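The data block below is upload.pdb; it holds PDB, N, CA and C atoms.
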MODEL        1
ATOM      1  N   MET D   1       0.826  -1.194   0.000
ATOM      2  CA  MET D   1       0.000   0.000   0.000
ATOM      3  C   MET D   1       0.871   1.259   0.000
ATOM      4  N   HIS D   2       1.954   1.253   0.802
ATOM      5  CA  HIS D   2       2.839   2.427   0.840
ATOM      6  C   HIS D   2       3.507   2.640  -0.506
ATOM      7  N   ARG D   3       3.864   1.554  -1.194
ATOM      8  CA  ARG D   3       4.483   1.674  -2.512
ATOM      9  C   ARG D   3       3.527   2.334  -3.499
ATOM     10  N   ILE D   4       2.285   1.943  -3.449
ATOM     11  CA  ILE D   4       1.294   2.511  -4.353
ATOM     12  C   ILE D   4       1.107   4.007  -4.074
ATOM     13  N   LEU D   5       1.049   4.372  -2.795
ATOM     14  CA  LEU D   5       0.903   5.785  -2.431
ATOM     15  C   LEU D   5       2.113   6.603  -2.866
ATOM     16  N   ARG D   6       3.316   6.046  -2.639
ATOM     17  CA  ARG D   6       4.537   6.749  -3.061
ATOM     18  C   ARG D   6       4.577   6.914  -4.578
ATOM     19  N   ALA D   7       4.203   5.865  -5.300
ATOM     20  CA  ALA D   7       4.192   5.938  -6.766
ATOM     21  C   ALA D   7       3.171   6.966  -7.241
ATOM     22  N   ALA D   8       1.988   6.966  -6.630
ATOM     23  CA  ALA D   8       0.959   7.936  -7.004
ATOM     24  C   ALA D   8       1.424   9.361  -6.705
ATOM     25  N   LEU D   9       2.087   9.551  -5.573
ATOM     26  CA  LEU D   9       2.611  10.868  -5.215
ATOM     27  C   LEU D   9       3.688  11.306  -6.205
ATOM     28  N   ALA D  10       4.572  10.389  -6.574
ATOM     29  CA  ALA D  10       5.633  10.711  -7.532
ATOM     30  C   ALA D  10       5.037  11.109  -8.883
ATOM     31  N   VAL D  11       4.019  10.385  -9.334
ATOM     32  CA  VAL D  11       3.370  10.699 -10.607
ATOM     33  C   VAL D  11       2.697  12.072 -10.528
ATOM     34  N   ALA D  12       2.033  12.358  -9.411
ATOM     35  CA  ALA D  12       1.364  13.650  -9.245
ATOM     36  C   ALA D  12       2.369  14.797  -9.259
ATOM     37  N   VAL D  13       3.492  14.630  -8.568
ATOM     38  CA  VAL D  13       4.525  15.672  -8.534
ATOM     39  C   VAL D  13       5.122  15.875  -9.923
ATOM     40  N   LEU D  14       5.403  14.796 -10.620
ATOM     41  CA  LEU D  14       5.973  14.887 -11.962
ATOM     42  C   LEU D  14       4.993  15.555 -12.927
ATOM     43  N   THR D  15       3.736  15.205 -12.843
ATOM     44  CA  THR D  15       2.713  15.803 -13.701
ATOM     45  C   THR D  15       2.602  17.301 -13.431
ATOM     46  N   ALA D  16       2.608  17.681 -12.170
ATOM     47  CA  ALA D  16       2.526  19.104 -11.820
ATOM     48  C   ALA D  16       3.747  19.859 -12.320
ATOM     49  N   ALA D  17       4.929  19.254 -12.196
ATOM     50  CA  ALA D  17       6.158  19.909 -12.654
ATOM     51  C   ALA D  17       6.141  20.112 -14.165
ATOM     52  N   ILE D  18       5.714  19.101 -14.907
ATOM     53  CA  ILE D  18       5.656  19.214 -16.365
ATOM     54  C   ILE D  18       4.612  20.250 -16.765
ATOM     55  N   GLY D  19       3.451  20.221 -16.124
ATOM     56  CA  GLY D  19       2.403  21.203 -16.414
ATOM     57  C   GLY D  19       2.853  22.615 -16.112
ATOM     58  N   GLY D  20       3.553  22.793 -15.008
ATOM     59  CA  GLY D  20       4.052  24.122 -14.645
ATOM     60  C   GLY D  20       5.094  24.614 -15.623
ATOM     61  N   ALA D  21       5.988  23.730 -16.048
ATOM     62  CA  ALA D  21       7.018  24.116 -17.011
ATOM     63  C   ALA D  21       6.394  24.476 -18.351
ATOM     64  N   THR D  22       5.377  23.725 -18.766
ATOM     65  CA  THR D  22       4.702  24.022 -20.027
ATOM     66  C   THR D  22       3.996  25.358 -19.953
ATOM     67  N   ALA D  23       3.298  25.607 -18.858
ATOM     68  CA  ALA D  23       2.588  26.875 -18.699
ATOM     69  C   ALA D  23       3.577  28.033 -18.635
ATOM     70  N   ALA D  24       4.693  27.843 -17.915
ATOM     71  CA  ALA D  24       5.691  28.907 -17.814
ATOM     72  C   ALA D  24       6.309  29.186 -19.169
ATOM     73  N   GLY D  25       6.530  28.150 -19.981
ATOM     74  CA  GLY D  25       7.116  28.312 -21.292
ATOM     75  C   GLY D  25       6.196  29.053 -22.249
ATOM     76  N   ALA D  26       4.911  28.972 -22.039
ATOM     77  CA  ALA D  26       3.955  29.603 -22.927
ATOM     78  C   ALA D  26       3.806  31.096 -22.652
ATOM     79  N   ALA D  27       4.446  31.587 -21.597
ATOM     80  CA  ALA D  27       4.282  32.978 -21.200
ATOM     81  C   ALA D  27       4.981  33.949 -22.142
ATOM     82  N   GLY D  28       5.986  33.518 -22.894
ATOM     83  CA  GLY D  28       6.719  34.382 -23.798
ATOM     84  C   GLY D  28       7.982  34.942 -23.154
ATOM     85  N   ARG D  29       8.735  35.682 -23.950
ATOM     86  CA  ARG D  29       9.970  36.301 -23.458
ATOM     87  C   ARG D  29      10.393  37.434 -24.377
ATOM     88  N   TYR D  30      11.281  38.304 -23.860
ATOM     89  CA  TYR D  30      11.864  39.366 -24.669
ATOM     90  C   TYR D  30      13.042  38.793 -25.446
ATOM     91  N   LYS D  31      13.094  39.113 -26.752
ATOM     92  CA  LYS D  31      14.165  38.632 -27.621
ATOM     93  C   LYS D  31      14.808  39.807 -28.347
ATOM     94  N   LYS D  32      16.102  39.681 -28.630
ATOM     95  CA  LYS D  32      16.815  40.705 -29.397
ATOM     96  C   LYS D  32      16.426  40.597 -30.861
ATOM     97  N   ASN D  33      16.152  41.739 -31.462
ATOM     98  CA  ASN D  33      15.883  41.832 -32.890
ATOM     99  C   ASN D  33      16.649  43.054 -33.384
ATOM    100  N   GLY D  34      17.899  42.858 -33.751
ATOM    101  CA  GLY D  34      18.777  43.980 -34.084
ATOM    102  C   GLY D  34      19.065  44.765 -32.826
ATOM    103  N   LYS D  35      18.809  46.081 -32.846
ATOM    104  CA  LYS D  35      19.020  46.897 -31.642
ATOM    105  C   LYS D  35      17.777  46.937 -30.758
ATOM    106  N   LEU D  36      16.685  46.327 -31.250
ATOM    107  CA  LEU D  36      15.428  46.338 -30.501
ATOM    108  C   LEU D  36      15.304  45.130 -29.583
ATOM    109  N   CYS D  37      14.468  45.274 -28.583
ATOM    110  CA  CYS D  37      14.139  44.209 -27.645
ATOM    111  C   CYS D  37      12.626  44.029 -27.742
ATOM    112  N   VAL D  38      12.179  42.957 -28.384
ATOM    113  CA  VAL D  38      10.755  42.772 -28.664
ATOM    114  C   VAL D  38      10.188  41.566 -27.923
ATOM    115  N   TRP D  39       8.897  41.617 -27.629
ATOM    116  CA  TRP D  39       8.206  40.540 -26.928
ATOM    117  C   TRP D  39       7.791  39.473 -27.932
ATOM    118  N   ASP D  40       8.106  38.207 -27.639
ATOM    119  CA  ASP D  40       7.686  37.084 -28.466
ATOM    120  C   ASP D  40       6.856  36.162 -27.597
ATOM    121  N   GLU D  41       5.531  36.227 -27.755
ATOM    122  CA  GLU D  41       4.638  35.458 -26.889
ATOM    123  C   GLU D  41       4.694  33.967 -27.155
ATOM    124  N   LYS D  42       5.261  33.548 -28.300
ATOM    125  CA  LYS D  42       5.306  32.130 -28.650
ATOM    126  C   LYS D  42       6.624  31.466 -28.274
ATOM    127  N   ASP D  43       7.560  32.217 -27.724
ATOM    128  CA  ASP D  43       8.868  31.671 -27.381
ATOM    129  C   ASP D  43       8.961  31.430 -25.884
ATOM    130  N   SER D  44       9.908  30.605 -25.506
ATOM    131  CA  SER D  44      10.106  30.324 -24.080
ATOM    132  C   SER D  44      11.590  30.416 -23.760
ATOM    133  N   GLY D  45      11.894  30.400 -22.496
ATOM    134  CA  GLY D  45      13.269  30.494 -22.040
ATOM    135  C   GLY D  45      13.516  31.835 -21.384
ATOM    136  N   PRO D  46      14.752  32.066 -20.990
ATOM    137  CA  PRO D  46      15.055  33.343 -20.330
ATOM    138  C   PRO D  46      15.027  34.499 -21.332
ATOM    139  N   ASN D  47      14.742  35.692 -20.840
ATOM    140  CA  ASN D  47      14.780  36.878 -21.687
ATOM    141  C   ASN D  47      16.182  37.070 -22.235
ATOM    142  N   GLN D  48      16.283  37.499 -23.492
ATOM    143  CA  GLN D  48      17.578  37.793 -24.104
ATOM    144  C   GLN D  48      17.978  39.248 -23.880
ATOM    145  N   CYS D  49      17.014  40.073 -23.479
ATOM    146  CA  CYS D  49      17.267  41.498 -23.298
ATOM    147  C   CYS D  49      16.143  42.091 -22.458
ATOM    148  N   GLU D  50      16.269  43.362 -22.157
ATOM    149  CA  GLU D  50      15.203  44.126 -21.504
ATOM    150  C   GLU D  50      14.989  45.382 -22.316
ATOM    151  N   PRO D  51      13.730  45.732 -22.611
ATOM    152  CA  PRO D  51      13.495  46.975 -23.350
ATOM    153  C   PRO D  51      13.768  48.180 -22.448
ATOM    154  N   VAL D  52      14.028  49.324 -23.060
ATOM    155  CA  VAL D  52      14.240  50.555 -22.292
ATOM    156  C   VAL D  52      13.031  50.808 -21.408
ATOM    157  N   VAL D  53      11.834  50.589 -21.965
ATOM    158  CA  VAL D  53      10.586  50.772 -21.232
ATOM    159  C   VAL D  53       9.699  49.558 -21.501
ATOM    160  N   ALA D  54       9.242  48.892 -20.456
ATOM    161  CA  ALA D  54       8.318  47.777 -20.643
ATOM    162  C   ALA D  54       6.922  48.342 -20.843
ATOM    163  N   GLY D  55       6.211  47.834 -21.819
ATOM    164  CA  GLY D  55       4.852  48.272 -22.082
ATOM    165  C   GLY D  55       4.468  48.027 -23.522
ATOM    166  N   ARG D  56       3.226  48.349 -23.831
ATOM    167  CA  ARG D  56       2.720  48.236 -25.198
ATOM    168  C   ARG D  56       1.513  49.148 -25.362
ATOM    169  N   VAL D  57       1.172  49.423 -26.602
ATOM    170  CA  VAL D  57      -0.016  50.197 -26.909
ATOM    171  C   VAL D  57      -1.171  49.205 -26.952
ATOM    172  N   LYS D  58      -2.222  49.508 -26.198
ATOM    173  CA  LYS D  58      -3.289  48.542 -25.976
ATOM    174  C   LYS D  58      -4.661  49.185 -26.148
ATOM    175  N   LYS D  59      -5.606  48.398 -26.674
ATOM    176  CA  LYS D  59      -6.994  48.869 -26.785
ATOM    177  C   LYS D  59      -7.630  48.882 -25.404
ATOM    178  N   ASN D  60      -8.333  49.955 -25.109
ATOM    179  CA  ASN D  60      -9.082  50.080 -23.866
ATOM    180  C   ASN D  60     -10.443  50.648 -24.239
ATOM    181  N   GLY D  61     -11.379  49.763 -24.539
ATOM    182  CA  GLY D  61     -12.673  50.207 -25.059
ATOM    183  C   GLY D  61     -12.479  50.778 -26.445
ATOM    184  N   ASP D  62     -12.859  52.027 -26.658
ATOM    185  CA  ASP D  62     -12.650  52.667 -27.961
ATOM    186  C   ASP D  62     -11.380  53.510 -27.986
ATOM    187  N   LYS D  63     -10.598  53.446 -26.929
ATOM    188  CA  LYS D  63      -9.341  54.200 -26.842
ATOM    189  C   LYS D  63      -8.147  53.307 -27.166
ATOM    190  N   CYS D  64      -7.057  53.920 -27.545
ATOM    191  CA  CYS D  64      -5.794  53.249 -27.788
ATOM    192  C   CYS D  64      -4.776  53.932 -26.882
ATOM    193  N   GLU D  65      -4.296  53.224 -25.844
ATOM    194  CA  GLU D  65      -3.471  53.839 -24.808
ATOM    195  C   GLU D  65      -2.178  53.065 -24.567
ATOM    196  N   TRP D  66      -1.185  53.768 -24.054
ATOM    197  CA  TRP D  66       0.060  53.140 -23.639
ATOM    198  C   TRP D  66      -0.192  52.431 -22.310
ATOM    199  N   ALA D  67       0.126  51.128 -22.253
ATOM    200  CA  ALA D  67      -0.036  50.330 -21.038
ATOM    201  C   ALA D  67       1.356  50.022 -20.491
ATOM    202  N   SER D  68       1.827  50.863 -19.611
ATOM    203  CA  SER D  68       3.158  50.731 -19.026
ATOM    204  C   SER D  68       3.294  49.411 -18.288
ATOM    205  N   GLY D  69       4.398  48.716 -18.497
ATOM    206  CA  GLY D  69       4.676  47.462 -17.794
ATOM    207  C   GLY D  69       3.987  46.253 -18.383
ATOM    208  N   ASP D  70       3.107  46.424 -19.375
ATOM    209  CA  ASP D  70       2.401  45.302 -19.986
ATOM    210  C   ASP D  70       3.300  44.652 -21.036
ATOM    211  N   THR D  71       3.041  43.400 -21.351
ATOM    212  CA  THR D  71       3.814  42.707 -22.380
ATOM    213  C   THR D  71       2.894  42.287 -23.513
ATOM    214  N   GLY D  72       3.480  42.024 -24.645
ATOM    215  CA  GLY D  72       2.724  41.583 -25.806
ATOM    216  C   GLY D  72       2.890  42.555 -26.952
ATOM    217  N   ALA D  73       2.284  42.204 -28.066
ATOM    218  CA  ALA D  73       2.351  43.050 -29.260
ATOM    219  C   ALA D  73       1.414  44.245 -29.101
ATOM    220  N   ASP D  74       1.752  45.343 -29.782
ATOM    221  CA  ASP D  74       0.852  46.495 -29.793
ATOM    222  C   ASP D  74      -0.477  46.060 -30.405
ATOM    223  N   GLN D  75      -1.574  46.567 -29.856
ATOM    224  CA  GLN D  75      -2.901  46.223 -30.355
ATOM    225  C   GLN D  75      -3.493  47.305 -31.251
ATOM    226  N   CYS D  76      -2.900  48.497 -31.241
ATOM    227  CA  CYS D  76      -3.433  49.604 -32.013
ATOM    228  C   CYS D  76      -2.369  50.697 -32.109
ATOM    229  N   LYS D  77      -2.686  51.780 -32.824
ATOM    230  CA  LYS D  77      -1.783  52.932 -32.934
ATOM    231  C   LYS D  77      -2.555  54.166 -32.492
ATOM    232  N   PRO D  78      -2.072  54.833 -31.442
ATOM    233  CA  PRO D  78      -2.793  56.030 -30.965
ATOM    234  C   PRO D  78      -2.837  57.117 -32.034
ATOM    235  N   ALA D  79      -3.938  57.875 -32.050
ATOM    236  CA  ALA D  79      -4.107  58.972 -33.003
ATOM    237  C   ALA D  79      -3.137  60.107 -32.693
ATOM    238  N   SER D  80      -2.773  60.274 -31.412
ATOM    239  CA  SER D  80      -1.828  61.328 -31.033
ATOM    240  C   SER D  80      -0.939  60.810 -29.905
ATOM    241  N   GLY D  81       0.095  61.575 -29.638
ATOM    242  CA  GLY D  81       1.056  61.207 -28.601
ATOM    243  C   GLY D  81       2.377  60.785 -29.209
ATOM    244  N   ARG D  82       3.399  60.748 -28.366
ATOM    245  CA  ARG D  82       4.721  60.325 -28.821
ATOM    246  C   ARG D  82       5.584  59.948 -27.628
ATOM    247  N   PHE D  83       6.678  59.241 -27.912
ATOM    248  CA  PHE D  83       7.667  58.922 -26.883
ATOM    249  C   PHE D  83       8.681  60.049 -26.842
ATOM    250  N   LYS D  84       8.943  60.536 -25.634
ATOM    251  CA  LYS D  84       9.876  61.642 -25.441
ATOM    252  C   LYS D  84      11.022  61.208 -24.541
ATOM    253  N   LYS D  85      12.201  61.738 -24.817
ATOM    254  CA  LYS D  85      13.359  61.487 -23.958
ATOM    255  C   LYS D  85      13.279  62.396 -22.746
ATOM    256  N   ASP D  86      13.502  61.802 -21.593
ATOM    257  CA  ASP D  86      13.582  62.556 -20.345
ATOM    258  C   ASP D  86      14.828  62.052 -19.630
ATOM    259  N   GLY D  87      15.970  62.666 -19.932
ATOM    260  CA  GLY D  87      17.241  62.155 -19.413
ATOM    261  C   GLY D  87      17.530  60.808 -20.042
ATOM    262  N   ASN D  88      17.678  59.767 -19.217
ATOM    263  CA  ASN D  88      17.921  58.414 -19.721
ATOM    264  C   ASN D  88      16.624  57.649 -19.937
ATOM    265  N   LYS D  89      15.494  58.284 -19.658
ATOM    266  CA  LYS D  89      14.201  57.616 -19.776
ATOM    267  C   LYS D  89      13.565  57.888 -21.134
ATOM    268  N   CYS D  90      12.689  56.965 -21.529
ATOM    269  CA  CYS D  90      11.875  57.120 -22.722
ATOM    270  C   CYS D  90      10.438  56.997 -22.234
ATOM    271  N   GLU D  91       9.700  58.130 -22.229
ATOM    272  CA  GLU D  91       8.368  58.136 -21.634
ATOM    273  C   GLU D  91       7.303  58.490 -22.661
ATOM    274  N   TRP D  92       6.126  57.869 -22.506
ATOM    275  CA  TRP D  92       4.990  58.152 -23.380
ATOM    276  C   TRP D  92       4.309  59.436 -22.930
ATOM    277  N   SER D  93       4.039  60.302 -23.883
ATOM    278  CA  SER D  93       3.297  61.528 -23.613
ATOM    279  C   SER D  93       2.099  61.557 -24.558
ATOM    280  N   ALA D  94       0.917  61.244 -24.032
ATOM    281  CA  ALA D  94      -0.294  61.170 -24.847
ATOM    282  C   ALA D  94      -0.716  62.537 -25.368
ATOM    283  N   ALA D  95      -0.367  63.603 -24.659
ATOM    284  CA  ALA D  95      -0.806  64.943 -25.041
ATOM    285  C   ALA D  95       0.147  65.631 -26.015
ATOM    286  N   ASP D  96       1.297  65.033 -26.296
ATOM    287  CA  ASP D  96       2.307  65.660 -27.147
ATOM    288  C   ASP D  96       2.153  65.175 -28.585
ATOM    289  N   SER D  97       2.748  65.914 -29.514
ATOM    290  CA  SER D  97       2.720  65.502 -30.911
ATOM    291  C   SER D  97       4.105  65.650 -31.506
ATOM    292  N   GLY D  98       4.273  65.139 -32.699
ATOM    293  CA  GLY D  98       5.562  65.184 -33.368
ATOM    294  C   GLY D  98       6.166  63.798 -33.425
ATOM    295  N   PRO D  99       7.361  63.705 -34.009
ATOM    296  CA  PRO D  99       7.998  62.391 -34.115
ATOM    297  C   PRO D  99       8.492  61.906 -32.746
ATOM    298  N   ASN D 100       8.561  60.597 -32.595
ATOM    299  CA  ASN D 100       9.117  60.032 -31.367
ATOM    300  C   ASN D 100      10.569  60.460 -31.204
ATOM    301  N   GLN D 101      10.963  60.764 -29.986
ATOM    302  CA  GLN D 101      12.346  61.129 -29.694
ATOM    303  C   GLN D 101      13.168  59.907 -29.282
ATOM    304  N   CYS D 102      12.507  58.799 -28.978
ATOM    305  CA  CYS D 102      13.183  57.581 -28.563
ATOM    306  C   CYS D 102      12.288  56.393 -28.882
ATOM    307  N   ASP D 103      12.821  55.204 -28.778
ATOM    308  CA  ASP D 103      12.062  53.976 -29.025
ATOM    309  C   ASP D 103      12.071  53.146 -27.743
ATOM    310  N   PRO D 104      10.914  52.891 -27.137
ATOM    311  CA  PRO D 104      10.883  52.150 -25.884
ATOM    312  C   PRO D 104      11.350  50.704 -26.043
ATOM    313  N   ARG D 105      11.439  50.233 -27.270
ATOM    314  CA  ARG D 105      11.847  48.851 -27.506
ATOM    315  C   ARG D 105      13.348  48.700 -27.749
ATOM    316  N   ASP D 106      14.090  49.820 -27.673
ATOM    317  CA  ASP D 106      15.542  49.694 -27.735
ATOM    318  C   ASP D 106      15.997  48.822 -26.565
ATOM    319  N   ALA D 107      16.989  47.995 -26.795
ATOM    320  CA  ALA D 107      17.516  47.157 -25.711
ATOM    321  C   ALA D 107      18.315  48.013 -24.749
ATOM    322  N   LYS D 108      18.180  47.713 -23.454
ATOM    323  CA  LYS D 108      18.953  48.436 -22.433
ATOM    324  C   LYS D 108      20.411  48.116 -22.574
TER     325      LYS D 108
ENDMDL
END
Take the structure in the file and write it out as structure tokens.
Amino acid sequence: MHRILRAALAVAVLTAAIGGATAAGAAGRYKKNGKLCVWDEKDSGPNQCEPVVAGRVKKNGDKCEWASGDTGADQCKPASGRFKKDGNKCEWSAADSGPNQCDPRDAK
């Protein structure tokens, strides 16, 4: 009886470990693409880089907004706004216009 319980416990632990690894692998990672650091939701493993600013442009109802700290591909393009340099930072300014001064996807 103890052997059966130990075997069942071992199978349960192994199944949970494999399931956890599969789920963790499906989360995606940041990968280098030239000088850029882009999110690849279909890849797994450790990040190859970190973007200057983590985030993406995301749909929020009928709006298209910068979602700081979010991962994934951009879902839309805002009608106005731009990325501005602030010292070593690259920040989104929804109220500003003109060309971007920096790219948040540049690798750190």
For Asn100 in chain D: contacts at 9 Å, only C-alpha atoms, fewer than 6 positions along chain excluded, given as a list in words: Gly81, Arg82, Phe83, Lys84 and Lys85 of chain D
Pick from D:Ala94, D:Cys64, D:Cys102, D:Val57, whichever lies nearest to Ser80 in chain D using only N, CA and C atoms: D:Ala94
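Across the model, the gap from atom C of Asn88 in chain D to CA of Gly72 in chain D is 22.0 Å.
Note that CA of Pro51 in chain D and CA of Lys89 in chain D are 11.2 Å apart.
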Atom C of Glu41 in chain D to CA of Asp103 in chain D, straight-line distance in Å: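 Between these atoms lies a distance of 21.4 Å.
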Evaluate the PyMOL selection byres ((chain D and resi 39) around 8) and report residues as a list in words: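 When the PyMOL selection byres ((chain D and resi 39) around 8) is applied, the selected residues are Gly28, Arg29, Tyr30, Lys31, Lys32, Leu36, Cys37, Val38, Asp40, Glu41, Lys42, Asp43, Thr71, Gly72, Ala73 and Arg105 of chain D.
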Got time to write the residues from that selection, N, CA and C atoms, as a PDB file, keeping the file's coordinate frame?
ATOM      1  N   GLY D  28       5.986  33.518 -22.894  1.00  0.00           N
ATOM      2  CA  GLY D  28       6.719  34.382 -23.798  1.00  0.00           C
ATOM      3  C   GLY D  28       7.982  34.942 -23.154  1.00  0.00           C
ATOM      4  N   ARG D  29       8.735  35.682 -23.950  1.00  0.00           N
ATOM      5  CA  ARG D  29       9.970  36.301 -23.458  1.00  0.00           C
ATOM      6  C   ARG D  29      10.393  37.434 -24.377  1.00  0.00           C
ATOM      7  N   TYR D  30      11.281  38.304 -23.860  1.00  0.00           N
ATOM      8  CA  TYR D  30      11.864  39.366 -24.669  1.00  0.00           C
ATOM      9  C   TYR D  30      13.042  38.793 -25.446  1.00  0.00           C
ATOM     10  N   LYS D  31      13.094  39.113 -26.752  1.00  0.00           N
ATOM     11  CA  LYS D  31      14.165  38.632 -27.621  1.00  0.00           C
ATOM     12  C   LYS D  31      14.808  39.807 -28.347  1.00  0.00           C
ATOM     13  N   LYS D  32      16.102  39.681 -28.630  1.00  0.00           N
ATOM     14  CA  LYS D  32      16.815  40.705 -29.397  1.00  0.00           C
ATOM     15  C   LYS D  32      16.426  40.597 -30.861  1.00  0.00           C
ATOM     16  N   LEU D  36      16.685  46.327 -31.250  1.00  0.00           N
ATOM     17  CA  LEU D  36      15.428  46.338 -30.501  1.00  0.00           C
ATOM     18  C   LEU D  36      15.304  45.130 -29.583  1.00  0.00           C
ATOM     19  N   CYS D  37      14.468  45.274 -28.583  1.00  0.00           N
ATOM     20  CA  CYS D  37      14.139  44.209 -27.645  1.00  0.00           C
ATOM     21  C   CYS D  37      12.626  44.029 -27.742  1.00  0.00           C
ATOM     22  N   VAL D  38      12.179  42.957 -28.384  1.00  0.00           N
ATOM     23  CA  VAL D  38      10.755  42.772 -28.664  1.00  0.00           C
ATOM     24  C   VAL D  38      10.188  41.566 -27.923  1.00  0.00           C
ATOM     25  N   ASP D  40       8.106  38.207 -27.639  1.00  0.00           N
ATOM     26  CA  ASP D  40       7.686  37.084 -28.466  1.00  0.00           C
ATOM     27  C   ASP D  40       6.856  36.162 -27.597  1.00  0.00           C
ATOM     28  N   GLU D  41       5.531  36.227 -27.755  1.00  0.00           N
ATOM     29  CA  GLU D  41       4.638  35.458 -26.889  1.00  0.00           C
ATOM     30  C   GLU D  41       4.694  33.967 -27.155  1.00  0.00           C
ATOM     31  N   LYS D  42       5.261  33.548 -28.300  1.00  0.00           N
ATOM     32  CA  LYS D  42       5.306  32.130 -28.650  1.00  0.00           C
ATOM     33  C   LYS D  42       6.624  31.466 -28.274  1.00  0.00           C
ATOM     34  N   ASP D  43       7.560  32.217 -27.724  1.00  0.00           N
ATOM     35  CA  ASP D  43       8.868  31.671 -27.381  1.00  0.00           C
ATOM     36  C   ASP D  43       8.961  31.430 -25.884  1.00  0.00           C
ATOM     37  N   THR D  71       3.041  43.400 -21.351  1.00  0.00           N
ATOM     38  CA  THR D  71       3.814  42.707 -22.380  1.00  0.00           C
ATOM     39  C   THR D  71       2.894  42.287 -23.513  1.00  0.00           C
ATOM     40  N   GLY D  72       3.480  42.024 -24.645  1.00  0.00           N
ATOM     41  CA  GLY D  72       2.724  41.583 -25.806  1.00  0.00           C
ATOM     42  C   GLY D  72       2.890  42.555 -26.952  1.00  0.00           C
ATOM     43  N   ALA D  73       2.284  42.204 -28.066  1.00  0.00           N
ATOM     44  CA  ALA D  73       2.351  43.050 -29.260  1.00  0.00           C
ATOM     45  C   ALA D  73       1.414  44.245 -29.101  1.00  0.00           C
ATOM     46  N   ARG D 105      11.439  50.233 -27.270  1.00  0.00           N
ATOM     47  CA  ARG D 105      11.847  48.851 -27.506  1.00  0.00           C
ATOM     48  C   ARG D 105      13.348  48.700 -27.749  1.00  0.00           C
TER      49      ARG D 105
END
Within 5 Å of Val52 in chain D using all atoms listed in the file, minus same-chain residues under 4 positions, as a PyMOL selection string: chain D and resi 104-108
Hey, could you pull the box centre and edge lengths for range 53-58 of chain D, axis-aligned, 8 Å padding per side, all listed atoms, to one decimal in Å, as JSON?
{"center_x": 3.6, "center_y": 49.3, "center_z": -23.7, "size_x": 32.5, "size_y": 19.0, "size_z": 22.5}
Among listed residues D:Ala95, D:Gly87, D:Pro46, D:Val53, nearest Glu65 in chain D (using only C-alpha atoms): D:Ala95
